[in-house]
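Q: Dumping the structure here so I can ask a few things about it.
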Amino acid sequence: MSELICWICNKYDANSGEHVVKRSDLELHLGEISRANPLYRLKMDGSEGKKIYSSKNNSFKYSKTICEYCNQTLTQPHDTAWEELSRHFHSEFIRLRNKGKWNPKSVFDNCKKRMLDVHLFFLKNFGCLIKEFGYDEYIDLYELSDSILNSYSNSYFFLAFGFDETGKYKLRGTISGKPIIKSLEGKVVCTHYYNVGLMVVILLYSKRYRPTNFWHPDDSENLIPFQNFGHRL
Ligand SMILES: [Zn+2]
């Protein structure tokens, strides 16, 4: 039995590890992972780590910090909302890249609710990352879990969507190393990149400022930028 308790429900044993990058994203954006098409887990310095020959490999999972119920049942609608959006980014990539914007209403019927689900999917992913690196002394996981449990957005958590075509990350499912965290007078800013293939989502937790070109569920009626991040990754 695990000694850790799930950081989301604070009730059950932490017996499940969230995927760092979803398996469905690896396969959709990079094709079937095999000996002929391996992935690399990046090291902290950005160099290639060991090769991985299957999307089932545990290297693509965070440590077990949540329970199976929270990971598979409670947050399932969040996962499926992101899967749907990720498929849209993949199938419409060229159009979105040229346009530089995307419309959530053309992806989801129940747009406001499903975009909140996307926010909550990345909040789960982000919470697992924070736990993984022991940053929960800077970022209160109760605040994150309360949003997930009660289906409301976190005021400090933003997403930016876009792509990177520089080739730097093109052929790999990449896992950024440590998230970038800065604390100024107790006000934390933490950034993490969720990138697979050409697609990039930037996760930003900011208690210091409201970032521009980042999306929050309060904005979901609007067109959202689809940005070129190639120059900044
Ligand atoms: Zn749980």
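Numbering starts fresh at 1 for the residues of each chain in the structure tokens, the chains themselves are lettered A, B, ... in the order given, and ligands are numbered from 1 as they appear.
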Neighbours of ligand 1 at 6 Å or closer, counting only C-alpha atoms and all ligand atoms: which residues, as a PyMOL selection string?
A: chain A and resi 6+8-9+12+66-67+69-70
Q: Determine, counting only C-alpha atoms, which protein, DNA and RNA residues have an atom within 12 Å of an atom of A:Val21; residues of the same chain fewer than 4 positions away are not included. Present the result as a ChimeraX atom specification.
A: /A:17,25-30,39,41,55-62,79,82-83,86,121-122,125-126,128-129,172-176,193-197,199-201
Q: Generate the output file for the selected residues, N, CA and C atoms, as a tab-separated table (two decimals), in the first residue's frame.
A:
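Done, and the output landed in result.tsv:
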```tsv
chain	number	residue	atom	x	y	z
A	17	GLY	N	-0.23	7.29	-11.56
A	17	GLY	CA	0.65	8.36	-12.06
A	17	GLY	C	0.07	8.96	-13.33
A	25	ASP	N	-1.80	11.82	-27.16
A	25	ASP	CA	-1.09	12.91	-27.84
A	25	ASP	C	0.19	12.41	-28.51
A	26	LEU	N	0.90	11.52	-27.82
A	26	LEU	CA	2.13	10.98	-28.41
A	26	LEU	C	1.80	10.30	-29.73
A	27	GLU	N	0.77	9.45	-29.69
A	27	GLU	CA	0.44	8.67	-30.89
A	27	GLU	C	-0.15	9.54	-32.00
A	28	LEU	N	-0.96	10.52	-31.61
A	28	LEU	CA	-1.59	11.39	-32.60
A	28	LEU	C	-0.56	12.28	-33.29
A	29	HIS	N	0.31	12.90	-32.49
A	29	HIS	CA	1.21	13.91	-33.04
A	29	HIS	C	2.55	13.34	-33.52
A	30	LEU	N	2.87	12.12	-33.07
A	30	LEU	CA	4.19	11.58	-33.44
A	30	LEU	C	4.12	10.22	-34.11
A	39	LEU	N	11.23	7.84	-28.93
A	39	LEU	CA	11.16	9.15	-28.30
A	39	LEU	C	12.33	9.29	-27.34
A	41	ARG	N	13.45	11.12	-23.65
A	41	ARG	CA	13.11	11.94	-22.50
A	41	ARG	C	14.26	12.92	-22.35
A	55	SER	N	4.90	4.02	-26.12
A	55	SER	CA	4.17	5.08	-25.43
A	55	SER	C	3.64	4.60	-24.08
A	56	LYS	N	3.77	3.29	-23.82
A	56	LYS	CA	3.33	2.77	-22.52
A	56	LYS	C	4.42	2.90	-21.46
A	57	ASN	N	5.60	3.30	-21.89
A	57	ASN	CA	6.73	3.38	-20.97
A	57	ASN	C	6.44	4.31	-19.78
A	58	ASN	N	6.85	3.88	-18.59
A	58	ASN	CA	6.56	4.68	-17.39
A	58	ASN	C	7.32	5.99	-17.34
A	59	SER	N	8.31	6.15	-18.22
A	59	SER	CA	9.04	7.42	-18.27
A	59	SER	C	8.11	8.56	-18.64
A	60	PHE	N	6.98	8.22	-19.24
A	60	PHE	CA	6.05	9.27	-19.64
A	60	PHE	C	4.99	9.52	-18.58
A	61	LYS	N	5.29	9.03	-17.38
A	61	LYS	CA	4.35	9.27	-16.29
A	61	LYS	C	5.04	10.00	-15.14
A	62	TYR	N	4.27	10.80	-14.46
A	62	TYR	CA	4.74	11.36	-13.19
A	62	TYR	C	4.71	10.26	-12.15
A	79	ASP	N	-10.03	15.08	-19.35
A	79	ASP	CA	-9.14	14.40	-20.31
A	79	ASP	C	-9.76	14.38	-21.71
A	82	TRP	N	-9.65	17.75	-23.53
A	82	TRP	CA	-8.34	18.04	-24.10
A	82	TRP	C	-8.06	17.15	-25.32
A	83	GLU	N	-8.44	15.87	-25.25
A	83	GLU	CA	-8.22	14.98	-26.40
A	83	GLU	C	-8.91	15.54	-27.64
A	86	SER	N	-6.99	18.63	-28.80
A	86	SER	CA	-5.71	18.22	-29.38
A	86	SER	C	-5.90	17.66	-30.79
A	121	PHE	N	-8.02	19.92	-16.96
A	121	PHE	CA	-7.08	18.86	-17.36
A	121	PHE	C	-5.64	19.32	-17.13
A	122	PHE	N	-5.33	20.54	-17.59
A	122	PHE	CA	-3.96	21.02	-17.42
A	122	PHE	C	-3.65	21.37	-15.96
A	125	ASN	N	-2.50	18.10	-14.57
A	125	ASN	CA	-1.15	17.84	-15.06
A	125	ASN	C	-0.13	18.72	-14.30
A	126	PHE	N	-0.50	19.99	-14.14
A	126	PHE	CA	0.38	20.95	-13.47
A	126	PHE	C	0.58	20.58	-11.99
A	128	CYS	N	0.46	17.63	-10.66
A	128	CYS	CA	1.35	16.47	-10.58
A	128	CYS	C	2.81	16.89	-10.78
A	129	LEU	N	3.00	17.86	-11.65
A	129	LEU	CA	4.35	18.39	-11.89
A	129	LEU	C	4.88	19.09	-10.64
A	172	ARG	N	10.55	14.65	-31.53
A	172	ARG	CA	10.49	13.96	-30.25
A	172	ARG	C	9.28	14.35	-29.45
A	173	GLY	N	8.87	13.41	-28.63
A	173	GLY	CA	7.92	13.78	-27.58
A	173	GLY	C	8.80	14.32	-26.49
A	174	THR	N	8.66	15.55	-26.16
A	174	THR	CA	9.62	16.11	-25.23
A	174	THR	C	8.98	16.34	-23.87
A	175	ILE	N	9.80	16.22	-22.91
A	175	ILE	CA	9.35	16.51	-21.56
A	175	ILE	C	10.31	17.56	-21.02
A	176	SER	N	9.82	18.75	-20.85
A	176	SER	CA	10.69	19.78	-20.30
A	176	SER	C	11.11	19.31	-18.92
A	193	TYR	N	6.13	23.80	-20.10
A	193	TYR	CA	5.77	23.56	-21.50
A	193	TYR	C	5.26	22.15	-21.68
A	194	TYR	N	4.08	22.04	-22.29
A	194	TYR	CA	3.54	20.74	-22.67
A	194	TYR	C	3.68	20.70	-24.19
A	195	ASN	N	4.72	20.04	-24.68
A	195	ASN	CA	4.90	20.04	-26.12
A	195	ASN	C	5.13	18.65	-26.66
A	196	VAL	N	4.46	18.40	-27.76
A	196	VAL	CA	4.60	17.10	-28.41
A	196	VAL	C	4.47	17.33	-29.91
A	197	GLY	N	5.49	16.87	-30.64
A	197	GLY	CA	5.51	17.16	-32.07
A	197	GLY	C	5.59	18.66	-32.27
A	199	MET	N	3.06	20.72	-31.67
A	199	MET	CA	2.10	21.41	-30.80
A	199	MET	C	2.72	21.78	-29.45
A	200	VAL	N	2.41	22.98	-29.01
A	200	VAL	CA	2.93	23.46	-27.73
A	200	VAL	C	1.79	24.09	-26.92
A	201	VAL	N	1.71	23.72	-25.67
A	201	VAL	CA	0.82	24.44	-24.74
A	201	VAL	C	1.71	24.93	-23.60
```
Q: Can you work out the spacing between atom CA of A:Cys190 and atom CA of A:Glu3 in Å, to one decimal?
A: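 Distance reported for this atom pair: 27.8 Å.
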Q: From a DSSP pass on the backbone, collect the residues of stretch 113-196 of chain A flagged as strand (DSSP E or B) and hand them back as a ChimeraX atom specification.
A: /A:157-163,173,180-184,187-196
Q: Rounded to one decimal, what separation in Å do you get between atom CA of A:Gly162 and atom CA of A:Arg97?
A: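 Atom-to-atom, atom CA of A:Gly162 and atom CA of A:Arg97 are spaced 7.8 Å apart.
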Q: Return the single residue from A:Tyr142, A:Phe161, A:Tyr152, A:Tyr135 that is closest to A:Leu120, with distances computed using only C-alpha atoms.
A: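 Smallest distance to A:Leu120 is found for A:Tyr152.
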Q: With distances taken over only C-alpha atoms, which residue among A:Glu137, A:Pro104, A:Arg114, A:Leu144 lies nearest A:Asn222?
A: A:Pro104
Q: Skip A:Leu85 itself and residues of its chain fewer than 3 positions away, then list as a list in words all residues within 9 Å of it, counting only C-alpha atoms.
A: Thr80, Ala81, Trp82, His88, Phe89, His90, Pro104, Val107, Phe108 and Val118 of chain A
Q: With only C-alpha atoms as the basis for distance, which of A:Ser183, A:Arg35, A:Phe163, A:Thr212 is at the shortest distance from A:Asn228?
A: A:Phe163
Q: Hey, what's within 10 Å of A:Leu159 if we count only C-alpha atoms and toss same-chain stuff fewer than 2 positions away? As a list in words, please?
A: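 Everything that qualifies: Val118, His119, Phe122, Leu123, Phe157, Phe161, Thr191, His192, Tyr193, Val201, Ile202, Leu203, Leu204, Tyr205, Pro211, Asn213, Phe214, Trp215, His216 and Pro217 of chain A.
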Q: Just to be explicit: take each residue in the selection above, keep C-alpha atoms, and write the result as a compact mmCIF listing (two decimals), in the first residue's frame.
A:
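Writing done, so here's again.txt:
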```txt
# COMPACT_ATOMS: atom_id res chain seq x y z
CA VAL A 118 -9.47 21.73 -20.73
CA HIS A 119 -8.30 24.18 -18.03
CA PHE A 122 -3.96 21.02 -17.42
CA LEU A 123 -4.46 21.94 -13.78
CA PHE A 157 -3.66 29.47 -13.91
CA PHE A 161 -1.65 27.51 -27.31
CA THR A 191 5.92 28.13 -16.23
CA HIS A 192 5.87 24.72 -17.87
CA TYR A 193 5.77 23.56 -21.50
CA VAL A 201 0.82 24.44 -24.74
CA ILE A 202 2.39 26.74 -22.18
CA LEU A 203 1.13 26.37 -18.63
CA LEU A 204 1.54 29.48 -16.50
CA TYR A 205 0.71 29.95 -12.85
CA PRO A 211 -0.26 37.55 -18.69
CA ASN A 213 -1.83 36.20 -24.96
CA PHE A 214 -2.66 33.59 -22.36
CA TRP A 215 -6.13 32.16 -22.07
CA HIS A 216 -8.29 31.76 -18.97
CA PRO A 217 -11.83 30.24 -18.78
```
Q: Could you tell me which of A:Asn103, A:Glu185, A:Ser153, A:Tyr138 comes closest to A:Leu223 if we count only C-alpha atoms?
A: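 Of the candidates, the smallest distance to A:Leu223 is held by A:Asn103.
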Q: Apply DSSP to the backbone of this structure and, from stretch 39-164 of chain A, keep only the residues in alpha helix (DSSP H); write these as a count of residues only.
A: 56
Q: Restricting the calculation to only C-alpha atoms, which member of A:Pro179, A:Ser63, A:Asn37, A:Gly230 is positioned closest to A:Ile130?
A: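 Ranking A:Pro179, A:Ser63, A:Asn37, A:Gly230 by distance to A:Ile130, first place goes to A:Pro179.
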Q: Between atom CA of A:Leu141 and atom CA of A:Leu184, measure the distance and give it in Å to one decimal.
A: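 These atoms are spaced 19.2 Å apart.
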